[in-house]
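To be precise, the following lines are work-v8.txt, and they hold compact mmCIF, C-alpha atoms.
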```
# COMPACT_ATOMS: atom_id res chain seq x y z
CA MET Z 1 -28.33 13.07 -0.68
CA ALA Z 2 -28.76 9.58 0.78
CA GLN Z 3 -27.28 8.04 -2.38
CA VAL Z 4 -24.22 10.28 -2.15
CA GLU Z 5 -23.69 9.15 1.44
CA LEU Z 6 -24.05 5.52 0.38
CA LEU Z 7 -21.57 6.03 -2.43
CA HIS Z 8 -19.14 7.69 -0.01
CA LYS Z 9 -19.49 4.78 2.44
CA GLU Z 10 -19.13 2.15 -0.29
CA PHE Z 11 -16.04 3.82 -1.76
CA MET Z 12 -14.39 4.03 1.66
CA GLU Z 13 -15.19 0.43 2.61
CA ASN Z 14 -13.76 -0.91 -0.64
CA ALA Z 15 -10.61 1.21 -0.50
CA LEU Z 16 -9.94 0.12 3.09
CA PHE Z 17 -10.63 -3.53 2.22
CA ARG Z 18 -8.08 -3.40 -0.62
CA MET Z 19 -5.48 -1.87 1.69
CA ASP Z 20 -6.07 -4.67 4.20
CA GLU Z 21 -5.74 -7.25 1.39
CA SER Z 22 -2.37 -5.88 0.30
CA LEU Z 23 -1.13 -5.81 3.88
CA ARG Z 24 -2.31 -9.42 4.38
CA MET Z 25 -0.53 -10.57 1.23
CA ILE Z 26 2.72 -8.84 2.14
CA LYS Z 27 2.61 -10.49 5.56
CA ILE Z 28 2.23 -13.90 3.91
CA CYS Z 29 5.24 -13.15 1.69
CA LEU Z 30 7.41 -11.99 4.57
CA ASP Z 31 6.50 -15.07 6.59
CA LYS Z 32 7.75 -17.26 3.73
CA LEU Z 33 11.14 -15.55 3.44
CA PRO Z 34 14.31 -15.74 5.50
CA GLY Z 35 15.47 -12.41 6.90
CA LYS Z 36 18.50 -12.24 4.60
CA ALA Z 37 16.23 -12.26 1.53
CA ILE Z 38 14.47 -9.01 2.47
CA TRP Z 39 17.24 -6.71 1.21
CA LYS Z 40 18.26 -8.89 -1.75
CA LYS Z 41 17.75 -7.33 -5.21
CA PRO Z 42 17.02 -9.36 -8.34
CA ASN Z 43 19.41 -7.02 -10.19
CA GLU Z 44 20.76 -3.47 -9.91
CA SER Z 45 17.78 -2.01 -11.78
CA SER Z 46 15.30 -3.50 -9.32
CA ASN Z 47 14.39 -2.97 -5.70
CA SER Z 48 14.53 -5.27 -2.73
CA ILE Z 49 11.43 -6.14 -0.73
CA GLY Z 50 12.86 -3.93 2.01
CA ASN Z 51 13.07 -0.99 -0.40
CA LEU Z 52 9.52 -1.59 -1.58
CA ILE Z 53 8.12 -1.65 1.94
CA VAL Z 54 9.97 1.53 2.96
CA HIS Z 55 8.78 3.08 -0.31
CA LEU Z 56 5.17 2.06 0.40
CA CYS Z 57 5.36 3.68 3.83
CA GLY Z 58 6.63 6.90 2.26
CA ASN Z 59 4.03 6.93 -0.48
CA ILE Z 60 1.08 6.07 1.76
CA THR Z 61 2.19 8.70 4.26
CA GLN Z 62 2.55 11.36 1.56
CA TYR Z 63 -0.70 10.67 -0.31
CA ALA Z 64 -3.06 9.54 2.45
CA ILE Z 65 -1.78 10.81 5.78
CA ALA Z 66 -0.02 14.10 5.03
CA SER Z 67 -2.22 15.20 2.15
CA LEU Z 68 -5.65 14.19 3.44
CA ALA Z 69 -4.90 15.35 7.00
CA HIS Z 70 -3.22 18.56 5.78
CA LEU Z 71 0.08 17.73 7.49
CA GLU Z 72 3.58 18.72 6.41
CA ASP Z 73 5.03 16.46 3.69
CA LYS Z 74 8.38 15.24 5.07
CA ARG Z 75 8.97 12.42 2.59
CA ASN Z 76 12.50 11.69 1.31
CA ARG Z 77 11.66 9.46 -1.66
CA ASP Z 78 15.24 8.95 -2.87
CA LEU Z 79 16.28 7.50 0.50
CA GLU Z 80 13.60 4.81 0.17
CA PHE Z 81 15.49 3.31 -2.77
CA GLU Z 82 19.04 3.97 -1.54
CA MET Z 83 18.68 1.80 1.55
CA THR Z 84 20.37 -1.60 1.50
CA ALA Z 85 19.63 -2.61 5.12
CA GLY Z 86 18.54 -1.10 8.39
CA TYR Z 87 15.32 -2.91 9.26
CA SER Z 88 14.52 -6.53 9.94
CA LYS Z 89 11.51 -8.07 8.23
CA ALA Z 90 9.56 -7.80 11.52
CA GLU Z 91 10.43 -4.11 11.81
CA LEU Z 92 9.51 -3.50 8.17
CA PHE Z 93 6.13 -5.16 8.58
CA GLN Z 94 5.44 -3.26 11.80
CA MET Z 95 6.32 0.02 10.08
CA LEU Z 96 4.04 -0.83 7.15
CA GLU Z 97 1.21 -1.99 9.37
CA GLU Z 98 1.39 1.17 11.51
CA THR Z 99 1.42 3.33 8.38
CA VAL Z 100 -1.62 1.52 6.96
CA VAL Z 101 -3.53 1.76 10.25
CA ARG Z 102 -2.83 5.49 10.44
CA ALA Z 103 -3.76 6.04 6.79
CA LYS Z 104 -6.99 4.08 7.18
CA ALA Z 105 -7.94 6.25 10.17
CA VAL Z 106 -7.35 9.42 8.14
CA ILE Z 107 -9.29 8.02 5.18
CA LYS Z 108 -12.21 6.97 7.41
CA GLU Z 109 -12.42 10.46 8.88
CA SER Z 110 -12.38 12.19 5.48
CA THR Z 111 -15.58 14.04 4.77
CA LEU Z 112 -17.16 14.19 1.35
CA GLU Z 113 -15.90 17.77 1.02
CA GLU Z 114 -12.33 16.63 1.80
CA LEU Z 115 -12.63 13.84 -0.75
CA LEU Z 116 -13.58 16.36 -3.43
CA GLU Z 117 -10.96 18.96 -2.45
CA LYS Z 118 -8.10 19.25 -4.97
CA ARG Z 119 -4.56 19.30 -3.64
CA SER Z 120 -1.04 19.12 -5.03
CA VAL Z 121 0.84 15.94 -4.13
CA GLN Z 122 4.21 15.01 -5.61
CA GLY Z 123 3.64 17.59 -8.34
CA PHE Z 124 0.24 16.19 -9.35
CA GLU Z 125 -3.22 17.67 -8.77
CA PHE Z 126 -5.61 15.16 -7.22
CA SER Z 127 -8.81 15.23 -5.25
CA GLY Z 128 -8.93 13.31 -2.00
CA ILE Z 129 -10.62 10.53 -3.99
CA GLY Z 130 -7.74 10.60 -6.45
CA ASN Z 131 -5.26 10.31 -3.60
CA ILE Z 132 -7.07 7.31 -2.13
CA ILE Z 133 -7.27 5.59 -5.51
CA HIS Z 134 -3.56 6.23 -5.97
CA VAL Z 135 -2.75 4.75 -2.54
CA VAL Z 136 -4.81 1.62 -3.21
CA GLU Z 137 -3.45 0.98 -6.70
CA HIS Z 138 0.14 1.82 -5.77
CA PHE Z 139 -0.04 -0.46 -2.71
CA SER Z 140 -1.49 -3.24 -4.87
CA TYR Z 141 1.13 -2.74 -7.59
CA HIS Z 142 4.04 -3.13 -5.19
CA THR Z 143 2.31 -5.99 -3.38
CA GLY Z 144 2.36 -7.80 -6.73
CA GLN Z 145 6.07 -7.11 -7.10
CA ILE Z 146 6.73 -8.43 -3.59
CA ALA Z 147 4.64 -11.53 -4.34
CA PHE Z 148 6.49 -12.15 -7.62
CA TRP Z 149 9.92 -11.75 -6.00
CA THR Z 150 8.86 -14.05 -3.13
CA LYS Z 151 7.78 -16.71 -5.64
CA MET Z 152 11.08 -16.33 -7.49
CA LEU Z 153 13.10 -16.69 -4.29
CA ASN Z 154 11.11 -19.66 -2.97
CA ASP Z 155 9.93 -21.37 -6.17
CA THR Z 156 6.54 -21.98 -4.55
CA GLY Z 157 3.02 -20.62 -4.49
CA LEU Z 158 1.89 -18.18 -1.84
CA GLY Z 159 -1.56 -19.49 -0.93
CA PHE Z 160 -3.17 -16.05 -0.83
CA TYR Z 161 -6.59 -17.58 -1.43
CA ASP Z 162 -6.25 -21.05 0.03
CA GLY Z 163 -9.72 -22.35 0.85
CA VAL Z 164 -11.48 -19.98 -1.56
CA ASP Z 165 -13.04 -21.33 -4.76
CA LEU Z 166 -11.68 -18.86 -7.29
CA ASN Z 167 -13.55 -20.70 -10.05
CA ALA Z 168 -16.93 -19.73 -8.58
CA LYS Z 169 -19.17 -18.05 -11.14
CA ASN Z 170 -20.59 -14.55 -10.73
CA LYS Z 171 -24.07 -14.29 -9.26
CA GLY Z 172 -26.64 -11.53 -9.70
```

With the file now loaded, output its structure as structure tokens.
Amino acid sequence: MAQVELLHKEFMENALFRMDESLRMIKICLDKLPGKAIWKKPNESSNSIGNLIVHLCGNITQYAIASLAHLEDKRNRDLEFEMTAGYSKAELFQMLEETVVRAKAVIKESTLEELLEKRSVQGFEFSGIGNIIHVVEHFSYHTGQIAFWTKMLNDTGLGFYDGVDLNAKNKG
């Protein structure tokens, strides 16, 4: 049983770390952009950074907060993409940060039994583990889109890992 507890702890720590990394990267992007760029779309088939952040809040709330905490799902997904304004970049980041903090608290409190419990979310059947994996990968996916769009708008690097030797070789 001790190994199961260690696995549970390790899974949680890594999922929460990845969520913090995405939040950190989005903050760097927002800090590099003027406010008017937040709701700009590359084209009509794409989303603005504002849309992506509102969408992340909806998705994280649905999959991590509502589902894992057994709360009512009140998400209006279509509205996330219909918005063309309404929040400043500071308000968007605050909304995202508060959503992530709340989701992390729910994830941290999830028992092994809750992680194994199957539930229906957005028409899919996932365990709590499946929901957390979805939240982490979905957050990361849209973080990459925000980073790409920020690079396109600014024609500059983002410095996500300034001061880290990314050429370091693996050890043991």

Residues within 7 Å of segment 56-72 of chain Z, only C-alpha atoms, excluding chain neighbours under 5 positions, as a PDB file with C-alpha atoms, keeping the file's coordinate frame:
```
ATOM      1  CA  ARG Z  77      11.660   9.460  -1.660  1.00  0.00           C
ATOM      2  CA  LEU Z  96       4.040  -0.830   7.150  1.00  0.00           C
ATOM      3  CA  THR Z  99       1.420   3.330   8.380  1.00  0.00           C
ATOM      4  CA  ALA Z 103      -3.760   6.040   6.790  1.00  0.00           C
ATOM      5  CA  VAL Z 106      -7.350   9.420   8.140  1.00  0.00           C
ATOM      6  CA  ILE Z 107      -9.290   8.020   5.180  1.00  0.00           C
ATOM      7  CA  VAL Z 121       0.840  15.940  -4.130  1.00  0.00           C
ATOM      8  CA  GLY Z 128      -8.930  13.310  -2.000  1.00  0.00           C
ATOM      9  CA  ASN Z 131      -5.260  10.310  -3.600  1.00  0.00           C
ATOM     10  CA  ILE Z 132      -7.070   7.310  -2.130  1.00  0.00           C
ATOM     11  CA  VAL Z 135      -2.750   4.750  -2.540  1.00  0.00           C
ATOM     12  CA  PHE Z 139      -0.040  -0.460  -2.710  1.00  0.00           C
TER      13      PHE Z 139
END
```

Each residue of segment 1-100 of chain Z lying at most 12 Å from segment 161-169 of chain Z should get a row with its shortest atom-to-atom pair and the distance in Å to one decimal, counting only C-alpha atoms; could you produce that, ordered by chain and increasing number, as JSON lines?
```
{"residue": "Z:Glu21", "atom": "CA", "partner": "Z:Tyr161", "partner_atom": "CA", "distance": 10.7}
{"residue": "Z:Arg24", "atom": "CA", "partner": "Z:Tyr161", "partner_atom": "CA", "distance": 10.9}
{"residue": "Z:Met25", "atom": "CA", "partner": "Z:Tyr161", "partner_atom": "CA", "distance": 9.6}
{"residue": "Z:Ile28", "atom": "CA", "partner": "Z:Tyr161", "partner_atom": "CA", "distance": 10.9}
```

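Between Arg18 of chain Z and the candidates Z:Lys151, Z:His138, Z:Arg119, Z:Lys74, the tightest atom-to-atom separation, counting only C-alpha atoms, involves Z:His138.
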
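Distance annotation: of Z:Val54, Z:Met95, Z:Val4, Z:Ala15, the residue with the minimal separation from Asn76 of chain Z is Z:Val54; atom set is all atoms listed in the file.
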
Could you give me the axis-aligned bounding box of segment 67-84 of chain Z, with 3 Å of padding per side, as centre plus edge lengths in Å to one decimal, as JSON?
```
{"center_x": 7.4, "center_y": 8.6, "center_z": 2.3, "size_x": 32.0, "size_y": 26.3, "size_z": 16.4}
```

Given all atoms listed in the file as the basis, pick out the residue of Z:Ile53, Z:Asn47, Z:Leu112, Z:Leu23 nearest to Leu6 of chain Z.
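The closest residue to Leu6 of chain Z is Z:Leu112.
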
Would you please work out which residue, of Z:Met19, Z:Leu158, Z:Leu115, Z:Ile146, is nearest to Ser46 of chain Z when using only C-alpha atoms?
Z:Ile146

Show me as a PDB file with C-alpha atoms, in the frame of the given file the residues that reach within 10 Å of (11.8, -8.5, 0.0), counting all atoms listed in the file and using the file's own coordinates.
```pdb
ATOM      1  CA  ILE Z  26       2.720  -8.840   2.140  1.00  0.00           C
ATOM      2  CA  CYS Z  29       5.240 -13.150   1.690  1.00  0.00           C
ATOM      3  CA  LEU Z  30       7.410 -11.990   4.570  1.00  0.00           C
ATOM      4  CA  LEU Z  33      11.140 -15.550   3.440  1.00  0.00           C
ATOM      5  CA  PRO Z  34      14.310 -15.740   5.500  1.00  0.00           C
ATOM      6  CA  GLY Z  35      15.470 -12.410   6.900  1.00  0.00           C
ATOM      7  CA  LYS Z  36      18.500 -12.240   4.600  1.00  0.00           C
ATOM      8  CA  ALA Z  37      16.230 -12.260   1.530  1.00  0.00           C
ATOM      9  CA  ILE Z  38      14.470  -9.010   2.470  1.00  0.00           C
ATOM     10  CA  TRP Z  39      17.240  -6.710   1.210  1.00  0.00           C
ATOM     11  CA  LYS Z  40      18.260  -8.890  -1.750  1.00  0.00           C
ATOM     12  CA  LYS Z  41      17.750  -7.330  -5.210  1.00  0.00           C
ATOM     13  CA  PRO Z  42      17.020  -9.360  -8.340  1.00  0.00           C
ATOM     14  CA  ASN Z  47      14.390  -2.970  -5.700  1.00  0.00           C
ATOM     15  CA  SER Z  48      14.530  -5.270  -2.730  1.00  0.00           C
ATOM     16  CA  ILE Z  49      11.430  -6.140  -0.730  1.00  0.00           C
ATOM     17  CA  GLY Z  50      12.860  -3.930   2.010  1.00  0.00           C
ATOM     18  CA  ASN Z  51      13.070  -0.990  -0.400  1.00  0.00           C
ATOM     19  CA  LEU Z  52       9.520  -1.590  -1.580  1.00  0.00           C
ATOM     20  CA  ILE Z  53       8.120  -1.650   1.940  1.00  0.00           C
ATOM     21  CA  LYS Z  89      11.510  -8.070   8.230  1.00  0.00           C
ATOM     22  CA  LEU Z  92       9.510  -3.500   8.170  1.00  0.00           C
ATOM     23  CA  GLN Z 145       6.070  -7.110  -7.100  1.00  0.00           C
ATOM     24  CA  ILE Z 146       6.730  -8.430  -3.590  1.00  0.00           C
ATOM     25  CA  ALA Z 147       4.640 -11.530  -4.340  1.00  0.00           C
ATOM     26  CA  PHE Z 148       6.490 -12.150  -7.620  1.00  0.00           C
ATOM     27  CA  TRP Z 149       9.920 -11.750  -6.000  1.00  0.00           C
ATOM     28  CA  THR Z 150       8.860 -14.050  -3.130  1.00  0.00           C
ATOM     29  CA  LEU Z 153      13.100 -16.690  -4.290  1.00  0.00           C
TER      30      LEU Z 153
END
```

Final N, CA and C atoms of segment 138-167 of chain Z as a PDB file, keeping the file's coordinate frame:
```pdb
ATOM      1  N   HIS Z 138      -1.306   1.851  -5.963  1.00  0.00           N
ATOM      2  CA  HIS Z 138       0.140   1.820  -5.770  1.00  0.00           C
ATOM      3  C   HIS Z 138       0.522   0.725  -4.775  1.00  0.00           C
ATOM      4  N   PHE Z 139      -0.252   0.598  -3.706  1.00  0.00           N
ATOM      5  CA  PHE Z 139      -0.040  -0.460  -2.710  1.00  0.00           C
ATOM      6  C   PHE Z 139      -0.193  -1.825  -3.378  1.00  0.00           C
ATOM      7  N   SER Z 140      -1.233  -1.980  -4.178  1.00  0.00           N
ATOM      8  CA  SER Z 140      -1.490  -3.240  -4.870  1.00  0.00           C
ATOM      9  C   SER Z 140      -0.371  -3.562  -5.868  1.00  0.00           C
ATOM     10  N   TYR Z 141       0.066  -2.568  -6.593  1.00  0.00           N
ATOM     11  CA  TYR Z 141       1.130  -2.740  -7.590  1.00  0.00           C
ATOM     12  C   TYR Z 141       2.397  -3.297  -6.938  1.00  0.00           C
ATOM     13  N   HIS Z 142       2.819  -2.666  -5.842  1.00  0.00           N
ATOM     14  CA  HIS Z 142       4.040  -3.130  -5.190  1.00  0.00           C
ATOM     15  C   HIS Z 142       3.828  -4.432  -4.422  1.00  0.00           C
ATOM     16  N   THR Z 143       2.614  -4.694  -3.982  1.00  0.00           N
ATOM     17  CA  THR Z 143       2.310  -5.990  -3.380  1.00  0.00           C
ATOM     18  C   THR Z 143       2.544  -7.089  -4.420  1.00  0.00           C
ATOM     19  N   GLY Z 144       2.119  -6.839  -5.647  1.00  0.00           N
ATOM     20  CA  GLY Z 144       2.360  -7.800  -6.730  1.00  0.00           C
ATOM     21  C   GLY Z 144       3.837  -8.019  -6.978  1.00  0.00           C
ATOM     22  N   GLN Z 145       4.627  -6.956  -6.921  1.00  0.00           N
ATOM     23  CA  GLN Z 145       6.070  -7.110  -7.100  1.00  0.00           C
ATOM     24  C   GLN Z 145       6.673  -7.941  -5.965  1.00  0.00           C
ATOM     25  N   ILE Z 146       6.237  -7.678  -4.739  1.00  0.00           N
ATOM     26  CA  ILE Z 146       6.730  -8.430  -3.590  1.00  0.00           C
ATOM     27  C   ILE Z 146       6.329  -9.904  -3.715  1.00  0.00           C
ATOM     28  N   ALA Z 147       5.101 -10.155  -4.152  1.00  0.00           N
ATOM     29  CA  ALA Z 147       4.640 -11.530  -4.340  1.00  0.00           C
ATOM     30  C   ALA Z 147       5.472 -12.230  -5.424  1.00  0.00           C
ATOM     31  N   PHE Z 148       5.708 -11.559  -6.532  1.00  0.00           N
ATOM     32  CA  PHE Z 148       6.490 -12.150  -7.620  1.00  0.00           C
ATOM     33  C   PHE Z 148       7.909 -12.477  -7.149  1.00  0.00           C
ATOM     34  N   TRP Z 149       8.550 -11.543  -6.452  1.00  0.00           N
ATOM     35  CA  TRP Z 149       9.920 -11.750  -6.000  1.00  0.00           C
ATOM     36  C   TRP Z 149       9.960 -12.873  -4.959  1.00  0.00           C
ATOM     37  N   THR Z 150       8.932 -12.960  -4.104  1.00  0.00           N
ATOM     38  CA  THR Z 150       8.860 -14.050  -3.130  1.00  0.00           C
ATOM     39  C   THR Z 150       8.740 -15.388  -3.843  1.00  0.00           C
ATOM     40  N   LYS Z 151       7.906 -15.463  -4.873  1.00  0.00           N
ATOM     41  CA  LYS Z 151       7.780 -16.710  -5.640  1.00  0.00           C
ATOM     42  C   LYS Z 151       9.098 -17.068  -6.315  1.00  0.00           C
ATOM     43  N   MET Z 152       9.794 -16.076  -6.832  1.00  0.00           N
ATOM     44  CA  MET Z 152      11.080 -16.330  -7.490  1.00  0.00           C
ATOM     45  C   MET Z 152      12.109 -16.855  -6.481  1.00  0.00           C
ATOM     46  N   LEU Z 153      12.128 -16.278  -5.311  1.00  0.00           N
ATOM     47  CA  LEU Z 153      13.100 -16.690  -4.290  1.00  0.00           C
ATOM     48  C   LEU Z 153      12.792 -18.072  -3.729  1.00  0.00           C
ATOM     49  N   ASN Z 154      11.508 -18.411  -3.614  1.00  0.00           N
ATOM     50  CA  ASN Z 154      11.110 -19.660  -2.970  1.00  0.00           C
ATOM     51  C   ASN Z 154      10.689 -20.761  -3.929  1.00  0.00           C
ATOM     52  N   ASP Z 155      10.419 -20.415  -5.175  1.00  0.00           N
ATOM     53  CA  ASP Z 155       9.930 -21.370  -6.170  1.00  0.00           C
ATOM     54  C   ASP Z 155       8.713 -22.138  -5.639  1.00  0.00           C
ATOM     55  N   THR Z 156       7.763 -21.373  -5.078  1.00  0.00           N
ATOM     56  CA  THR Z 156       6.540 -21.980  -4.550  1.00  0.00           C
ATOM     57  C   THR Z 156       5.400 -20.973  -4.597  1.00  0.00           C
ATOM     58  N   GLY Z 157       4.184 -21.498  -4.535  1.00  0.00           N
ATOM     59  CA  GLY Z 157       3.020 -20.620  -4.490  1.00  0.00           C
ATOM     60  C   GLY Z 157       2.913 -19.928  -3.141  1.00  0.00           C
ATOM     61  N   LEU Z 158       2.012 -18.962  -3.059  1.00  0.00           N
ATOM     62  CA  LEU Z 158       1.890 -18.180  -1.840  1.00  0.00           C
ATOM     63  C   LEU Z 158       0.635 -18.495  -1.028  1.00  0.00           C
ATOM     64  N   GLY Z 159      -0.356 -19.109  -1.656  1.00  0.00           N
ATOM     65  CA  GLY Z 159      -1.560 -19.490  -0.930  1.00  0.00           C
ATOM     66  C   GLY Z 159      -2.417 -18.324  -0.481  1.00  0.00           C
ATOM     67  N   PHE Z 160      -2.383 -17.220  -1.212  1.00  0.00           N
ATOM     68  CA  PHE Z 160      -3.170 -16.050  -0.830  1.00  0.00           C
ATOM     69  C   PHE Z 160      -4.654 -16.373  -0.638  1.00  0.00           C
ATOM     70  N   TYR Z 161      -5.161 -17.273  -1.467  1.00  0.00           N
ATOM     71  CA  TYR Z 161      -6.590 -17.580  -1.430  1.00  0.00           C
ATOM     72  C   TYR Z 161      -6.866 -19.047  -1.159  1.00  0.00           C
ATOM     73  N   ASP Z 162      -6.000 -19.665  -0.373  1.00  0.00           N
ATOM     74  CA  ASP Z 162      -6.250 -21.050   0.030  1.00  0.00           C
ATOM     75  C   ASP Z 162      -7.629 -21.141   0.681  1.00  0.00           C
ATOM     76  N   GLY Z 163      -8.402 -22.151   0.279  1.00  0.00           N
ATOM     77  CA  GLY Z 163      -9.720 -22.350   0.850  1.00  0.00           C
ATOM     78  C   GLY Z 163     -10.824 -21.552   0.183  1.00  0.00           C
ATOM     79  N   VAL Z 164     -10.479 -20.768  -0.836  1.00  0.00           N
ATOM     80  CA  VAL Z 164     -11.480 -19.980  -1.560  1.00  0.00           C
ATOM     81  C   VAL Z 164     -11.601 -20.563  -2.965  1.00  0.00           C
ATOM     82  N   ASP Z 165     -12.812 -20.820  -3.400  1.00  0.00           N
ATOM     83  CA  ASP Z 165     -13.040 -21.330  -4.760  1.00  0.00           C
ATOM     84  C   ASP Z 165     -12.998 -20.170  -5.742  1.00  0.00           C
ATOM     85  N   LEU Z 166     -11.858 -19.979  -6.345  1.00  0.00           N
ATOM     86  CA  LEU Z 166     -11.680 -18.860  -7.290  1.00  0.00           C
ATOM     87  C   LEU Z 166     -12.289 -19.172  -8.649  1.00  0.00           C
ATOM     88  N   ASN Z 167     -12.847 -20.363  -8.821  1.00  0.00           N
ATOM     89  CA  ASN Z 167     -13.550 -20.700 -10.050  1.00  0.00           C
ATOM     90  C   ASN Z 167     -15.060 -20.493  -9.926  1.00  0.00           C
TER      91      ASN Z 167
END
```
